[in-house]
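Colleague: Pasting a structure here, questions to come.
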Amino acid sequence: MAPEQPAAEERYLDRELSWLAFNTRVLELAEDPDVPLLERTRFLSIFSSNLDEFYMVRVAGLKRRIAAGVAVPAVSGLLPRGLLERTLERTRELMLRQSGCFREDVLPALVKEDIELARWGELDDDEHDRVRTLFQERIFPVLTPLAVDPAHPFPYISGLSLNLAVMVRNPLNDTEHFARVKVPPNFPRFLPVAEQRFVPLEDVIAAHLALLFPGMEVQEHHTFRVTRNEDLEVEEDDAENLLTAMERELMRRRFGPAVRLEVEDTVDPHVLDLLQRELGVTHQETFSLPGPLDLTGLSGIADLDRAELKYRPFLPATHRDLPDVESAAPADMFAAISKGDVLVHHPYDSFSTSVQRFIEQAAADPHVLGIKQTLYRTSGDSPIVDALVDAAESGKQVLALVEIKARFDEQANITWARKLEQAGVHVVYGLVGLKTHCKLCLVVRDEAGGIRRYSHIGTGNYHPKTARLYEDLGLLTADADVAEDVNHLFNSLSGYSIEPEYKRLLVAPHSLRPGLLERIHREVEHHRAGRPARIRLKLNSLVDEVIVDALYEASEAGVPADVWVRGICSLRAGVSGLSDNIRVISTLGRFLEHSRILAFENGGEPEYWIGSADLMHRNLDRRVEVLVRLVRQQHLDDLSALFDLAFDPSTAAWHLEPDGTWNRIHRDAAGAPLSDLQQELIERKKLRGRGHR
């Protein structure tokens, strides 16, 4: 008789609560006195912006399911309403904890470093005069008070805007009125009043409300902020005119229902009742916090030019297998890649002297006939887009697959799609019902020996700015099998083709899931036959239950598995009889861990794959994702060493416990700090740059 399987809640961690656990780890970095002070300030901002997106998408989705009467439990066993209640409760705890960290820890520490965030009442007379002049000349003309009375309905409050709820009294008839004043987003969140001394913008506006309501008596004012459902829904039927459909949906997003109300804890109960009633939020969805609200604005403080309060500067170097930017000879990327596959590791290896230079050289090279490129996210002044435009204008055949459904980058991607089309680039938007999330570039070049194709496959976006902040991997190769695979995939995305057999790629939604399951099961067979067997995964998120169950089966068979995850993890680690042989860690730091690596010991002939896919339902079933198999032994050794370093007991990390909690281990038994993974990689890169191997 087969052993009884654990209940769902004992088998899987809930993805929403797991995400909140991830953001808790971000908050722990803000709370850590060993982290440089302005970086702690930045982590407070990141925590807030993360939570904003979580509410706009995930909490909004929960509310939508409840409103639709969908009572299907999550795989964790929690029903939508119960999960929403737990999410709101946990969020409240974390937001109060963040506020305490800011007010009681970070703010006093900033003051000791002569960086002050003062409230209006703490400014001196000279500062009042300077700010008053600034207000009258620049801020006042932008403000628009909106009254609420029988002739003026309650105004629309845009998502994530900061606002003042103002109560005024008419002295002529003694009647009270409510008005809303929006804090304009095109001014600094914290206005500078002196060198390294700032005041919240809403304080400045509040101090001058009498100018906005002449003849009225301003009785009270309260700051509030609303988060709305901003997840997009584009029907497949609209795919023939996806650009227009997306623009229409972006307009609809602005009017999504409210999912969270933040107010200062000094708010008058009558004003709070009005806001809750008009915005349609419940008491549970209302978060009363000490001011100032909206700590995303702390990013501006974190940007101050105080190097001693930040991580030590780091300048990415050119990869050892690529032409040095300092060399007198012109850089020839194609000659370097022709010598063998190159695996770049950003930001330790420079993006600009590897991937960006590869695309720019392809655009300028008269021997290049065509370029095919995916664009999921890119920067506002993207040299990648400029290179594709230059290539098209010089007569090259250029295909750009622009994913205009990239969440919160939709408008920017629409803009770039139109710019590319105007330059003569062939722009396509992928397949109906699927997001194109893979990171691919294919260059076709006419050489002395005939046509040769060069490929780049990455784990991150073609985004030069985030490439300095995101940890990612990319493969540059002239391998004919990879080129043929990538070319087939581009043809399937831009035209009509039946899914081909790939040689070095696994592609979602067709071959990726079965390919991974086959390899997990193969490790079990290797282990049973006494051959080397081990699974190693580095991911942003692990949610897919089928994959999780396969890992449980491998663990029960005795196969060890190491999972290195940045964010969500639904798998329970180290549970007796279920996952005894699975270890799960998380590392966070100055760089956002973003690469995906999937490694299988394979009986002593290891397979290492890198690519764009996390192990989530959407990645495996509803996106075009690509993993590429690495074949150069040096690359396998490098990634094996990376896993060894991450899981080394001397490396600081969060460890997932069997009860689902994350335990941060960053000091040894004597209290000394453990090694920081990212700093160790920086130091190793510096050594290689000095000629050490």
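Residues in the structure tokens are numbered from 1 in each chain, the chains being A, B, ... in the order shown, and ligands are numbered from 1 in the order shown.
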Please report, as a VMD selection string, each residue of stretch 260-502 of chain A to which DSSP assigns strand (DSSP E) when run on this structure's backbone.
Modeller: chain A and resid 260 to 264 286 to 289 342 to 346 368 to 375 397 to 402 426 to 428 435 to 436 439 to 447 450 to 458 470 to 477
Colleague: Would you please extract all helix (DSSP H, G or I) residues from stretch 119-334 of chain A, as assigned by DSSP on the backbone, and give them as a PyMOL selection string?
Modeller: chain A and resi 120-122+125-142+201-207+209-212+236-253+269-279+295-302+307-309+333-334
Colleague: Would you mind listing what lies within 8 Å of A:Leu209 as a ChimeraX atom specification, with only C-alpha atoms counted and same-chain residues fewer than 4 positions away left out?
Modeller: /A:205,213,218
Colleague: Write a file of the selected residues as a compact mmCIF listing (two decimals), in the first residue's frame, keeping C-alpha atoms.
Modeller:
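out25.txt was written with the following content:
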# COMPACT_ATOMS: atom_id res chain seq x y z
CA ILE A 205 1.94 71.94 -0.06
CA PHE A 213 -8.46 78.02 -0.89
CA VAL A 218 -8.38 75.30 6.21
Colleague: Can you pull out every residue within 6 Å of stretch 165-175 of chain A, counting only C-alpha atoms, but drop anything in the same chain fewer than 2 positions away, and send it as number ranges by chain?
Modeller: A: 177-180, 216-222
Colleague: Take the residues from that selection and write them out as a short mmCIF file (atom, residue, chain, number, x, y, z; two decimals), in the first residue's frame, keeping N, CA and C atoms.
Modeller:
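This went into out_29.cif:
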data_model
loop_
_atom_site.label_atom_id
_atom_site.label_comp_id
_atom_site.auth_asym_id
_atom_site.auth_seq_id
_atom_site.Cartn_x
_atom_site.Cartn_y
_atom_site.Cartn_z
N HIS A 177 -16.40 71.67 3.76
CA HIS A 177 -16.25 71.04 2.45
C HIS A 177 -14.99 70.18 2.45
N PHE A 178 -15.05 69.13 1.63
CA PHE A 178 -13.89 68.27 1.43
C PHE A 178 -13.28 68.59 0.07
N ALA A 179 -11.96 68.59 0.02
CA ALA A 179 -11.26 68.78 -1.25
C ALA A 179 -10.05 67.88 -1.29
N ARG A 180 -9.64 67.55 -2.50
CA ARG A 180 -8.45 66.72 -2.69
C ARG A 180 -7.41 67.52 -3.47
N MET A 216 -11.35 80.78 2.43
CA MET A 216 -11.84 79.66 3.21
C MET A 216 -10.90 79.42 4.40
N GLU A 217 -11.42 78.76 5.40
CA GLU A 217 -10.60 78.39 6.54
C GLU A 217 -10.19 76.92 6.40
N VAL A 218 -8.89 76.68 6.28
CA VAL A 218 -8.38 75.30 6.21
C VAL A 218 -8.37 74.73 7.62
N GLN A 219 -9.21 73.74 7.85
CA GLN A 219 -9.34 73.20 9.19
C GLN A 219 -8.40 72.04 9.47
N GLU A 220 -8.22 71.17 8.47
CA GLU A 220 -7.33 70.03 8.66
C GLU A 220 -6.94 69.46 7.30
N HIS A 221 -5.87 68.70 7.31
CA HIS A 221 -5.43 68.02 6.09
C HIS A 221 -4.79 66.70 6.48
N HIS A 222 -4.88 65.73 5.58
CA HIS A 222 -4.35 64.40 5.85
C HIS A 222 -3.81 63.82 4.55
#
Colleague: Might you pull out every residue within 8 Å of stretch 91-102 of chain A, with only C-alpha atoms counted and same-chain residues fewer than 2 positions away left off, and present them as a VMD selection string?
Modeller: chain A and resid 20 24 27 30 to 31 44 87 to 89 104 to 107 287 289 to 290
Colleague: Based on the selection just made, write N, CA and C atoms of those residues as an mmCIF file, in the first residue's frame.
Modeller:
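The resulting out_12.cif:
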data_model
loop_
_atom_site.group_PDB
_atom_site.id
_atom_site.type_symbol
_atom_site.label_atom_id
_atom_site.label_comp_id
_atom_site.auth_asym_id
_atom_site.auth_seq_id
_atom_site.Cartn_x
_atom_site.Cartn_y
_atom_site.Cartn_z
ATOM 1 N N LEU A 20 5.715 37.450 -0.055
ATOM 2 C CA LEU A 20 5.861 38.360 1.080
ATOM 3 C C LEU A 20 7.094 37.995 1.904
ATOM 4 N N THR A 24 10.238 40.361 2.744
ATOM 5 C CA THR A 24 10.758 40.451 4.108
ATOM 6 C C THR A 24 12.279 40.382 4.092
ATOM 7 N N LEU A 27 13.550 43.683 3.277
ATOM 8 C CA LEU A 27 13.456 44.551 4.455
ATOM 9 C C LEU A 27 14.576 44.244 5.446
ATOM 10 N N ALA A 30 17.500 46.227 4.728
ATOM 11 C CA ALA A 30 17.353 47.609 5.197
ATOM 12 C C ALA A 30 17.605 47.705 6.693
ATOM 13 N N GLU A 31 17.303 46.650 7.418
ATOM 14 C CA GLU A 31 17.471 46.648 8.870
ATOM 15 C C GLU A 31 18.888 46.308 9.307
ATOM 16 N N LEU A 44 14.872 50.181 1.626
ATOM 17 C CA LEU A 44 13.545 50.616 2.089
ATOM 18 C C LEU A 44 12.681 51.037 0.910
ATOM 19 N N THR A 87 -2.839 37.680 3.688
ATOM 20 C CA THR A 87 -1.951 38.586 2.963
ATOM 21 C C THR A 87 -2.034 39.996 3.530
ATOM 22 N N LEU A 88 -3.259 40.465 3.767
ATOM 23 C CA LEU A 88 -3.434 41.808 4.320
ATOM 24 C C LEU A 88 -2.836 41.906 5.722
ATOM 25 N N GLU A 89 -3.035 40.879 6.520
ATOM 26 C CA GLU A 89 -2.497 40.879 7.879
ATOM 27 C C GLU A 89 -0.971 40.923 7.862
ATOM 28 N N GLU A 104 13.043 54.862 13.344
ATOM 29 C CA GLU A 104 13.801 54.627 14.572
ATOM 30 C C GLU A 104 15.252 54.239 14.327
ATOM 31 N N ASP A 105 15.584 53.861 13.114
ATOM 32 C CA ASP A 105 16.924 53.345 12.841
ATOM 33 C C ASP A 105 17.612 54.125 11.726
ATOM 34 N N VAL A 106 17.064 54.054 10.522
ATOM 35 C CA VAL A 106 17.726 54.659 9.368
ATOM 36 C C VAL A 106 17.735 56.177 9.462
ATOM 37 N N LEU A 107 16.605 56.784 9.832
ATOM 38 C CA LEU A 107 16.524 58.251 9.892
ATOM 39 C C LEU A 107 17.529 58.837 10.889
ATOM 40 N N PHE A 287 -4.400 50.947 5.465
ATOM 41 C CA PHE A 287 -3.173 50.836 6.257
ATOM 42 C C PHE A 287 -2.846 52.202 6.855
ATOM 43 N N LEU A 289 -0.455 54.454 8.931
ATOM 44 C CA LEU A 289 0.986 54.409 9.157
ATOM 45 C C LEU A 289 1.506 55.766 9.621
ATOM 46 N N PRO A 290 2.602 55.770 10.368
ATOM 47 C CA PRO A 290 3.257 57.044 10.667
ATOM 48 C C PRO A 290 3.781 57.666 9.379
#
